[in-house]
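Note sheet for the following structure.
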Amino acid sequence: MQRLQGWARELGFSQIGVAEIDLTTAEAGLQAWLAAGFHGGMGYMQRHGLKRARPAELVPGTVCVITARMDYLPRDAAPGWVDNEFAALHVPQRAVVSVYARGRDYHKVLRSRLQTLAERLAAEVGPLGHRVFTDSAPVLEVELASRSGVGWRGKHTLALHREAGSMFFLGEIFIDLPLPASSPVPASCGSCTACIDVCPTAAIVAPYRLDARRCISYLTIEHEGAIPLELRALIGNRIYGCDDCQLACPWNKYAVRATLPDFDVRNGLDGATLLQLWAWAEPEFARRTEGSAIRRIGWTRWRRNLAIGLGNALRATGDMSTRQALQQARSGACALVQEHIDWALGAG
Ligand code: SF4
Ligand code: SF4
């Protein structure tokens, strides 16, 4: 296990654990969450059903799961990065992209490194049945992480760790080799409710319970179609994801900077304005988001999100150049984006 930890560190992971695969105690919570409809349009969550809580059904032969954490706070993040992030939310013209999405697509980074880790293990122990996952719908990532000591499940439903806050990605390797399970860490939210209190859309409906349909991360990334009218003003200038519940979390004063350059900020996405990004034509969007997680949402959702941000900026500032930029883009936009532009201009 120690050698595995050493290889993992060489590959940029900060910690690994081993989880057993009996997740039956998580099944009731999963079912209740789905039954309440809190997964919104993420139909794949429903489709995978209880397989998500049964790793050996998902990957036959699995007997345990290696869990891994990789910190993503950019290497050059300033000491006051939390304050800077909160401040940006109060500058209406700024375009705020979630910290994790400003660099290279983490799916690519983690998947290839998990694969390398599995191959190193196989080279040591002989043939190894394995499959790697990261941020993958069929896997109960936070549950596996919290059972194996990689973090605990916070009231915002993300994993967090006393020594690392929550600014990290999770990955898993399902294997057919029994390894000793690692111990969970004690949950340390205590009486804190900072994440619940700060959430702009009241998406954390109770501790440990997230209504994805109200969550800005879900709405700006996963959700197709129109953004509910009543939530548009609350989205403010967040155009891709939302970090508020993490920024408010006291444990993130211990957030750890990445060791890999992959998560360094690209395209100035830690300081761009809405108008700068609105000026990107579709080919430029494709070029600049190559290798980035942002590309996954596609052009339409990108423009929809920007239109909302610009609408909120227009309401806050009355800026004429913002109005003109929206008006000029209207005729060339698809119906969905047009509707959001109309809303932004106050005509929707
Ligand atoms: S990501 Fe934003 S909207 Fe979603 S729960 Fe956290 S604070 Fe609320
Ligand atoms: S903000 Fe408080 S309640 Fe929320 S995850 Fe952090 S410690 Fe837990």
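Here, A, B, ... name the chains of the structure tokens in the order displayed, residue numbers run from 1 inside each chain, and ligands are numbered from 1 in the same displayed order.
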
Inset, instruction - Please identify all polymer residues within 12 Å of Thr300 of chain A, counting only C-alpha atoms, omitting same-chain residues fewer than 2 positions from it, and present them as an MDAnalysis selection string. - result: chainID A and resid 220:221 223:226 281:282 285:286 294:298 302:307 332:340

Atoms to include: C-alpha atoms. Write the selected residues as a short mmCIF file (atom, residue, chain, number, x, y, z; two decimals), in the first residue's frame.
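The resulting file, selection09.cif, is reproduced below:
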```cif
data_model
loop_
_atom_site.label_atom_id
_atom_site.label_comp_id
_atom_site.auth_asym_id
_atom_site.auth_seq_id
_atom_site.Cartn_x
_atom_site.Cartn_y
_atom_site.Cartn_z
CA THR A 220 -24.89 26.18 -16.20
CA ILE A 221 -23.16 22.91 -17.10
CA HIS A 223 -28.86 21.49 -17.88
CA GLU A 224 -30.00 21.73 -21.47
CA GLY A 225 -32.60 24.22 -22.56
CA ALA A 226 -33.84 27.36 -20.89
CA ALA A 281 -17.26 33.63 -32.32
CA GLU A 282 -18.02 29.92 -32.43
CA PHE A 285 -14.82 29.20 -28.66
CA ALA A 286 -13.87 25.81 -30.14
CA ILE A 294 -15.79 23.95 -20.75
CA ARG A 295 -15.95 22.62 -24.28
CA ARG A 296 -18.26 19.86 -23.11
CA ILE A 297 -21.19 22.25 -22.64
CA GLY A 298 -21.04 23.34 -26.29
CA TRP A 302 -22.03 28.78 -23.39
CA ARG A 303 -23.90 31.62 -25.12
CA ARG A 304 -27.01 31.04 -23.00
CA ASN A 305 -24.96 31.38 -19.83
CA LEU A 306 -23.15 34.48 -21.06
CA ALA A 307 -26.47 36.08 -22.04
CA GLY A 332 -27.48 35.33 -35.52
CA ALA A 333 -28.42 33.41 -32.38
CA CYS A 334 -30.46 30.22 -32.09
CA ALA A 335 -33.94 30.41 -30.59
CA LEU A 336 -32.82 29.39 -27.13
CA VAL A 337 -30.07 31.99 -26.95
CA GLN A 338 -32.38 34.60 -28.48
CA GLU A 339 -34.85 34.03 -25.70
CA HIS A 340 -32.10 34.56 -23.12
#
```

Legend entry - Distance filter 12 Å around ligand 2, atoms: only C-alpha atoms and all ligand atoms, out as JSON, numbers by chain: {"A": [151, 152, 153, 154, 155, 156, 157, 158, 159, 160, 161, 162, 164, 165, 166, 167, 186, 187, 188, 189, 190, 191, 192, 193, 194, 195, 196, 197, 198, 199, 204, 206, 207, 208, 209, 210, 243, 244, 245, 246, 247, 248, 249, 250, 251, 252, 253, 254, 255]}

Take the residues just selected and output them with C-alpha atoms as a PDB file, in the first residue's frame.
```pdb
ATOM      1  CA  GLY A 151     -12.484  12.978   2.792  1.00  0.00           C
ATOM      2  CA  TRP A 152     -15.863  13.209   4.428  1.00  0.00           C
ATOM      3  CA  ARG A 153     -19.125  14.184   2.796  1.00  0.00           C
ATOM      4  CA  GLY A 154     -19.776  17.819   3.660  1.00  0.00           C
ATOM      5  CA  LYS A 155     -23.190  19.376   4.085  1.00  0.00           C
ATOM      6  CA  HIS A 156     -22.788  20.733   0.539  1.00  0.00           C
ATOM      7  CA  THR A 157     -22.513  17.049  -0.552  1.00  0.00           C
ATOM      8  CA  LEU A 158     -18.934  17.337  -1.824  1.00  0.00           C
ATOM      9  CA  ALA A 159     -15.989  15.532  -0.279  1.00  0.00           C
ATOM     10  CA  LEU A 160     -13.680  17.548   1.916  1.00  0.00           C
ATOM     11  CA  HIS A 161     -10.637  16.879   4.028  1.00  0.00           C
ATOM     12  CA  ARG A 162      -9.157  18.613   7.068  1.00  0.00           C
ATOM     13  CA  ALA A 164      -7.073  19.859   1.876  1.00  0.00           C
ATOM     14  CA  GLY A 165     -10.474  21.541   1.993  1.00  0.00           C
ATOM     15  CA  SER A 166     -12.557  20.504  -0.994  1.00  0.00           C
ATOM     16  CA  MET A 167     -10.694  21.893  -3.993  1.00  0.00           C
ATOM     17  CA  PRO A 186     -14.246  11.719  11.025  1.00  0.00           C
ATOM     18  CA  ALA A 187     -16.824  14.077   9.514  1.00  0.00           C
ATOM     19  CA  SER A 188     -15.959  17.542  10.773  1.00  0.00           C
ATOM     20  CA  CYS A 189     -18.735  19.893   9.658  1.00  0.00           C
ATOM     21  CA  GLY A 190     -19.963  20.214  13.234  1.00  0.00           C
ATOM     22  CA  SER A 191     -22.575  22.935  13.639  1.00  0.00           C
ATOM     23  CA  CYS A 192     -21.308  24.924  10.636  1.00  0.00           C
ATOM     24  CA  THR A 193     -23.885  25.838   7.993  1.00  0.00           C
ATOM     25  CA  ALA A 194     -21.799  28.282   5.940  1.00  0.00           C
ATOM     26  CA  CYS A 195     -22.309  26.466   2.645  1.00  0.00           C
ATOM     27  CA  ILE A 196     -26.066  26.267   3.129  1.00  0.00           C
ATOM     28  CA  ASP A 197     -26.309  29.926   4.111  1.00  0.00           C
ATOM     29  CA  VAL A 198     -24.214  31.250   1.224  1.00  0.00           C
ATOM     30  CA  CYS A 199     -25.860  29.313  -1.600  1.00  0.00           C
ATOM     31  CA  ILE A 204     -28.795  22.830  -0.447  1.00  0.00           C
ATOM     32  CA  ALA A 206     -31.072  20.387   3.973  1.00  0.00           C
ATOM     33  CA  PRO A 207     -27.655  19.339   5.241  1.00  0.00           C
ATOM     34  CA  TYR A 208     -26.201  16.730   2.867  1.00  0.00           C
ATOM     35  CA  ARG A 209     -29.109  17.168   0.453  1.00  0.00           C
ATOM     36  CA  LEU A 210     -28.721  19.023  -2.831  1.00  0.00           C
ATOM     37  CA  ASP A 243     -17.900  27.734  -6.186  1.00  0.00           C
ATOM     38  CA  ASP A 244     -19.768  29.665  -3.501  1.00  0.00           C
ATOM     39  CA  CYS A 245     -20.419  26.751  -1.156  1.00  0.00           C
ATOM     40  CA  GLN A 246     -16.766  25.798  -1.333  1.00  0.00           C
ATOM     41  CA  LEU A 247     -15.508  29.358  -0.946  1.00  0.00           C
ATOM     42  CA  ALA A 248     -17.599  29.760   2.203  1.00  0.00           C
ATOM     43  CA  CYS A 249     -16.313  26.535   3.715  1.00  0.00           C
ATOM     44  CA  PRO A 250     -13.837  27.229   6.514  1.00  0.00           C
ATOM     45  CA  TRP A 251     -11.832  24.136   5.636  1.00  0.00           C
ATOM     46  CA  ASN A 252     -10.810  25.632   2.321  1.00  0.00           C
ATOM     47  CA  LYS A 253      -8.257  27.781   4.075  1.00  0.00           C
ATOM     48  CA  TYR A 254      -6.329  24.505   3.940  1.00  0.00           C
ATOM     49  CA  ALA A 255      -6.958  23.949   0.229  1.00  0.00           C
TER      50      ALA A 255
END
```

Inset, instruction - Using only C-alpha atoms, determine which residues lie at most 10 Å from segment 24-32 of chain A, disregarding the query and same-chain residues fewer than 3 positions distant; provide the list as a list in words. - result: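 Returned residues: Ile21, Ala35, Ala36, Gly37, Phe38, Met45, Gln46, Gly49, Leu50, Lys51, Arg52, Ala53, Arg54, Leu140, Glu143 and Arg209 of chain A.
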
Inset, instruction - Using DSSP on the backbone, list every residue of segment 114-143 of chain A that comes out as helix (DSSP H, G or I), and give them as a PyMOL selection string. - result: chain A and resi 114-125+141-143

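Within segment 71-163 of chain A, the backbone-based DSSP assignment of strand (DSSP E) covers Asp71, Val96, Val97, His130, Arg131, Val132, Phe133, Trp152, Arg153, Ala159 and Leu160 of chain A.
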
Keeping only N, CA, C and O atoms, write the selected residues to a file as a PDB file, in the first residue's frame.
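Here's the written file selection.pdb:
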```pdb
ATOM      1  N   ASP A  71      -5.491  17.502  -6.051  1.00  0.00           N
ATOM      2  CA  ASP A  71      -5.782  18.914  -5.763  1.00  0.00           C
ATOM      3  C   ASP A  71      -5.711  19.737  -7.044  1.00  0.00           C
ATOM      4  O   ASP A  71      -4.840  19.492  -7.887  1.00  0.00           O
ATOM      5  N   VAL A  96     -17.388  34.867 -14.316  1.00  0.00           N
ATOM      6  CA  VAL A  96     -16.807  33.978 -13.315  1.00  0.00           C
ATOM      7  C   VAL A  96     -16.987  32.519 -13.748  1.00  0.00           C
ATOM      8  O   VAL A  96     -18.103  32.030 -13.934  1.00  0.00           O
ATOM      9  N   VAL A  97     -15.838  31.879 -13.915  1.00  0.00           N
ATOM     10  CA  VAL A  97     -15.782  30.448 -14.272  1.00  0.00           C
ATOM     11  C   VAL A  97     -15.299  29.702 -13.043  1.00  0.00           C
ATOM     12  O   VAL A  97     -14.357  30.144 -12.374  1.00  0.00           O
ATOM     13  N   HIS A 130      -9.242  -4.234 -14.115  1.00  0.00           N
ATOM     14  CA  HIS A 130      -9.466  -2.900 -13.554  1.00  0.00           C
ATOM     15  C   HIS A 130     -10.203  -2.002 -14.539  1.00  0.00           C
ATOM     16  O   HIS A 130     -10.186  -2.253 -15.747  1.00  0.00           O
ATOM     17  N   ARG A 131     -10.820  -0.994 -13.982  1.00  0.00           N
ATOM     18  CA  ARG A 131     -11.443   0.042 -14.817  1.00  0.00           C
ATOM     19  C   ARG A 131     -11.372   1.357 -14.058  1.00  0.00           C
ATOM     20  O   ARG A 131     -11.640   1.378 -12.844  1.00  0.00           O
ATOM     21  N   VAL A 132     -10.993   2.417 -14.755  1.00  0.00           N
ATOM     22  CA  VAL A 132     -10.837   3.700 -14.058  1.00  0.00           C
ATOM     23  C   VAL A 132     -12.039   4.608 -14.334  1.00  0.00           C
ATOM     24  O   VAL A 132     -12.658   4.544 -15.401  1.00  0.00           O
ATOM     25  N   PHE A 133     -12.344   5.441 -13.353  1.00  0.00           N
ATOM     26  CA  PHE A 133     -13.447   6.398 -13.470  1.00  0.00           C
ATOM     27  C   PHE A 133     -13.006   7.733 -12.872  1.00  0.00           C
ATOM     28  O   PHE A 133     -12.219   7.765 -11.925  1.00  0.00           O
ATOM     29  N   TRP A 152     -14.528  13.549   3.946  1.00  0.00           N
ATOM     30  CA  TRP A 152     -15.863  13.209   4.428  1.00  0.00           C
ATOM     31  C   TRP A 152     -16.863  13.957   3.569  1.00  0.00           C
ATOM     32  O   TRP A 152     -16.491  14.908   2.870  1.00  0.00           O
ATOM     33  N   ARG A 153     -18.092  13.531   3.608  1.00  0.00           N
ATOM     34  CA  ARG A 153     -19.125  14.184   2.796  1.00  0.00           C
ATOM     35  C   ARG A 153     -19.615  15.406   3.563  1.00  0.00           C
ATOM     36  O   ARG A 153     -20.172  15.282   4.659  1.00  0.00           O
ATOM     37  N   ALA A 159     -16.958  16.086  -1.228  1.00  0.00           N
ATOM     38  CA  ALA A 159     -15.989  15.532  -0.279  1.00  0.00           C
ATOM     39  C   ALA A 159     -15.051  16.640   0.173  1.00  0.00           C
ATOM     40  O   ALA A 159     -14.691  17.524  -0.606  1.00  0.00           O
ATOM     41  N   LEU A 160     -14.694  16.610   1.434  1.00  0.00           N
ATOM     42  CA  LEU A 160     -13.680  17.548   1.916  1.00  0.00           C
ATOM     43  C   LEU A 160     -12.800  16.877   2.956  1.00  0.00           C
ATOM     44  O   LEU A 160     -13.170  15.826   3.505  1.00  0.00           O
TER      45      LEU A 160
END
```

Legend entry - Option closest in space to ligand 1, from A:Ile235, A:Leu277, A:Ala137, A:Leu4 [counting only C-alpha atoms and all ligand atoms]: A:Ile235

Legend entry - Exercise: Gly309 of chain A partners within 8 Å, only C-alpha atoms, chain neighbours under 2 positions left out, as a list in words: Pro92, Ala95, Ile235, Gly236, Asn237, Arg238, Ile239, Leu274, Asn305, Leu306, Ala307, Gly311, Asn312 and Ala313 of chain A

Counting only C-alpha atoms, what is within 10 Å of Pro178 of chain A, bar same-chain residues fewer than 6 positions away, as an mmCIF file with C-alpha atoms, in the first residue's frame?
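The resulting file, around.cif, is shown below:
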```cif
data_model
loop_
_atom_site.group_PDB
_atom_site.id
_atom_site.type_symbol
_atom_site.label_atom_id
_atom_site.label_comp_id
_atom_site.auth_asym_id
_atom_site.auth_seq_id
_atom_site.Cartn_x
_atom_site.Cartn_y
_atom_site.Cartn_z
ATOM 1 C CA VAL A 18 -9.171 1.768 -0.607
ATOM 2 C CA GLU A 20 -14.888 -1.881 0.206
ATOM 3 C CA THR A 62 -14.675 -5.840 -8.714
ATOM 4 C CA VAL A 63 -13.761 -6.606 -5.111
ATOM 5 C CA CYS A 64 -12.509 -3.215 -4.000
ATOM 6 C CA VAL A 65 -12.050 0.335 -5.211
#
```

Legend entry - For atom CA of Glu290 of chain A and atom CA of Asp262 of chain A, the interatomic separation in Å (one decimal):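 One can read the atom CA of Glu290 of chain A to atom CA of Asp262 of chain A distance as 13.1 Å.
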
As a PDB file with N, CA and C atoms, in the first residue's frame, please: the residues near Cys215 of chain A (cut-off 9 Å, only C-alpha atoms, same-chain neighbours under 2 positions excluded).
```pdb
ATOM      1  N   CYS A 199     -25.407  29.760  -0.279  1.00  0.00           N
ATOM      2  CA  CYS A 199     -25.860  29.313  -1.600  1.00  0.00           C
ATOM      3  C   CYS A 199     -26.865  30.309  -2.194  1.00  0.00           C
ATOM      4  N   PRO A 200     -26.544  30.866  -3.361  1.00  0.00           N
ATOM      5  CA  PRO A 200     -27.391  31.928  -3.920  1.00  0.00           C
ATOM      6  C   PRO A 200     -28.803  31.469  -4.263  1.00  0.00           C
ATOM      7  N   THR A 201     -28.977  30.199  -4.535  1.00  0.00           N
ATOM      8  CA  THR A 201     -30.275  29.716  -5.002  1.00  0.00           C
ATOM      9  C   THR A 201     -30.956  28.773  -4.003  1.00  0.00           C
ATOM     10  N   ALA A 202     -30.403  28.686  -2.804  1.00  0.00           N
ATOM     11  CA  ALA A 202     -30.952  27.787  -1.777  1.00  0.00           C
ATOM     12  C   ALA A 202     -31.075  26.355  -2.301  1.00  0.00           C
ATOM     13  N   ALA A 203     -30.009  25.925  -2.984  1.00  0.00           N
ATOM     14  CA  ALA A 203     -30.037  24.581  -3.591  1.00  0.00           C
ATOM     15  C   ALA A 203     -29.735  23.482  -2.577  1.00  0.00           C
ATOM     16  N   ILE A 204     -29.068  23.836  -1.485  1.00  0.00           N
ATOM     17  CA  ILE A 204     -28.795  22.830  -0.447  1.00  0.00           C
ATOM     18  C   ILE A 204     -30.020  22.872   0.470  1.00  0.00           C
ATOM     19  N   LEU A 210     -28.796  18.001  -1.794  1.00  0.00           N
ATOM     20  CA  LEU A 210     -28.721  19.023  -2.831  1.00  0.00           C
ATOM     21  C   LEU A 210     -29.829  18.822  -3.855  1.00  0.00           C
ATOM     22  N   ASP A 211     -30.570  19.898  -4.116  1.00  0.00           N
ATOM     23  CA  ASP A 211     -31.539  19.860  -5.208  1.00  0.00           C
ATOM     24  C   ASP A 211     -30.826  20.389  -6.449  1.00  0.00           C
ATOM     25  N   ALA A 212     -30.363  19.467  -7.297  1.00  0.00           N
ATOM     26  CA  ALA A 212     -29.551  19.871  -8.457  1.00  0.00           C
ATOM     27  C   ALA A 212     -30.316  20.848  -9.342  1.00  0.00           C
ATOM     28  N   ARG A 213     -31.635  20.771  -9.331  1.00  0.00           N
ATOM     29  CA  ARG A 213     -32.418  21.638 -10.216  1.00  0.00           C
ATOM     30  C   ARG A 213     -32.254  23.114  -9.866  1.00  0.00           C
ATOM     31  N   SER A 217     -24.207  25.161 -10.551  1.00  0.00           N
ATOM     32  CA  SER A 217     -23.266  24.271 -11.248  1.00  0.00           C
ATOM     33  C   SER A 217     -24.027  23.381 -12.220  1.00  0.00           C
ATOM     34  N   TYR A 218     -25.070  22.791 -11.732  1.00  0.00           N
ATOM     35  CA  TYR A 218     -25.880  21.927 -12.591  1.00  0.00           C
ATOM     36  C   TYR A 218     -26.505  22.735 -13.732  1.00  0.00           C
ATOM     37  N   LEU A 219     -27.102  23.863 -13.391  1.00  0.00           N
ATOM     38  CA  LEU A 219     -27.842  24.635 -14.391  1.00  0.00           C
ATOM     39  C   LEU A 219     -26.938  25.140 -15.516  1.00  0.00           C
ATOM     40  N   THR A 220     -25.750  25.595 -15.167  1.00  0.00           N
ATOM     41  CA  THR A 220     -24.888  26.185 -16.201  1.00  0.00           C
ATOM     42  C   THR A 220     -24.103  25.133 -16.977  1.00  0.00           C
ATOM     43  N   GLY A 241     -20.418  26.903 -13.840  1.00  0.00           N
ATOM     44  CA  GLY A 241     -20.235  26.366 -12.497  1.00  0.00           C
ATOM     45  C   GLY A 241     -20.421  27.421 -11.427  1.00  0.00           C
ATOM     46  N   CYS A 242     -20.198  27.008 -10.204  1.00  0.00           N
ATOM     47  CA  CYS A 242     -20.370  27.898  -9.047  1.00  0.00           C
ATOM     48  C   CYS A 242     -19.525  27.324  -7.921  1.00  0.00           C
TER      49      CYS A 242
END
```

Legend entry - All residues 9 Å or closer to Arg113 of chain A, only C-alpha atoms, same chain fewer than 3 positions away omitted, as a list in words: Ala8, Leu11, Gly12, Phe13, Lys108, Val109, Leu110, Thr116, Leu117 and Ala118 of chain A

Legend entry - Pick from A:Phe169, A:Phe86, A:Tyr106, A:Tyr44 nearest to Thr67 of chain A, counting only C-alpha atoms: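 Smallest separation from Thr67 of chain A among the options: A:Phe169.
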
Legend entry - Between atom CA of Ala68 of chain A and atom CA of Val82 of chain A - distance in Å to one decimal: 24.5 Å

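Here atom CA of Ala123 of chain A and atom CA of Trp7 of chain A stand 12.3 Å from one another.
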
Inset, instruction - Counting only C-alpha atoms and all ligand atoms, figure out which residue out of A:Ala78, A:Val99, A:Val91, A:Ala258 gets nearest to ligand 1. - result: A:Val99
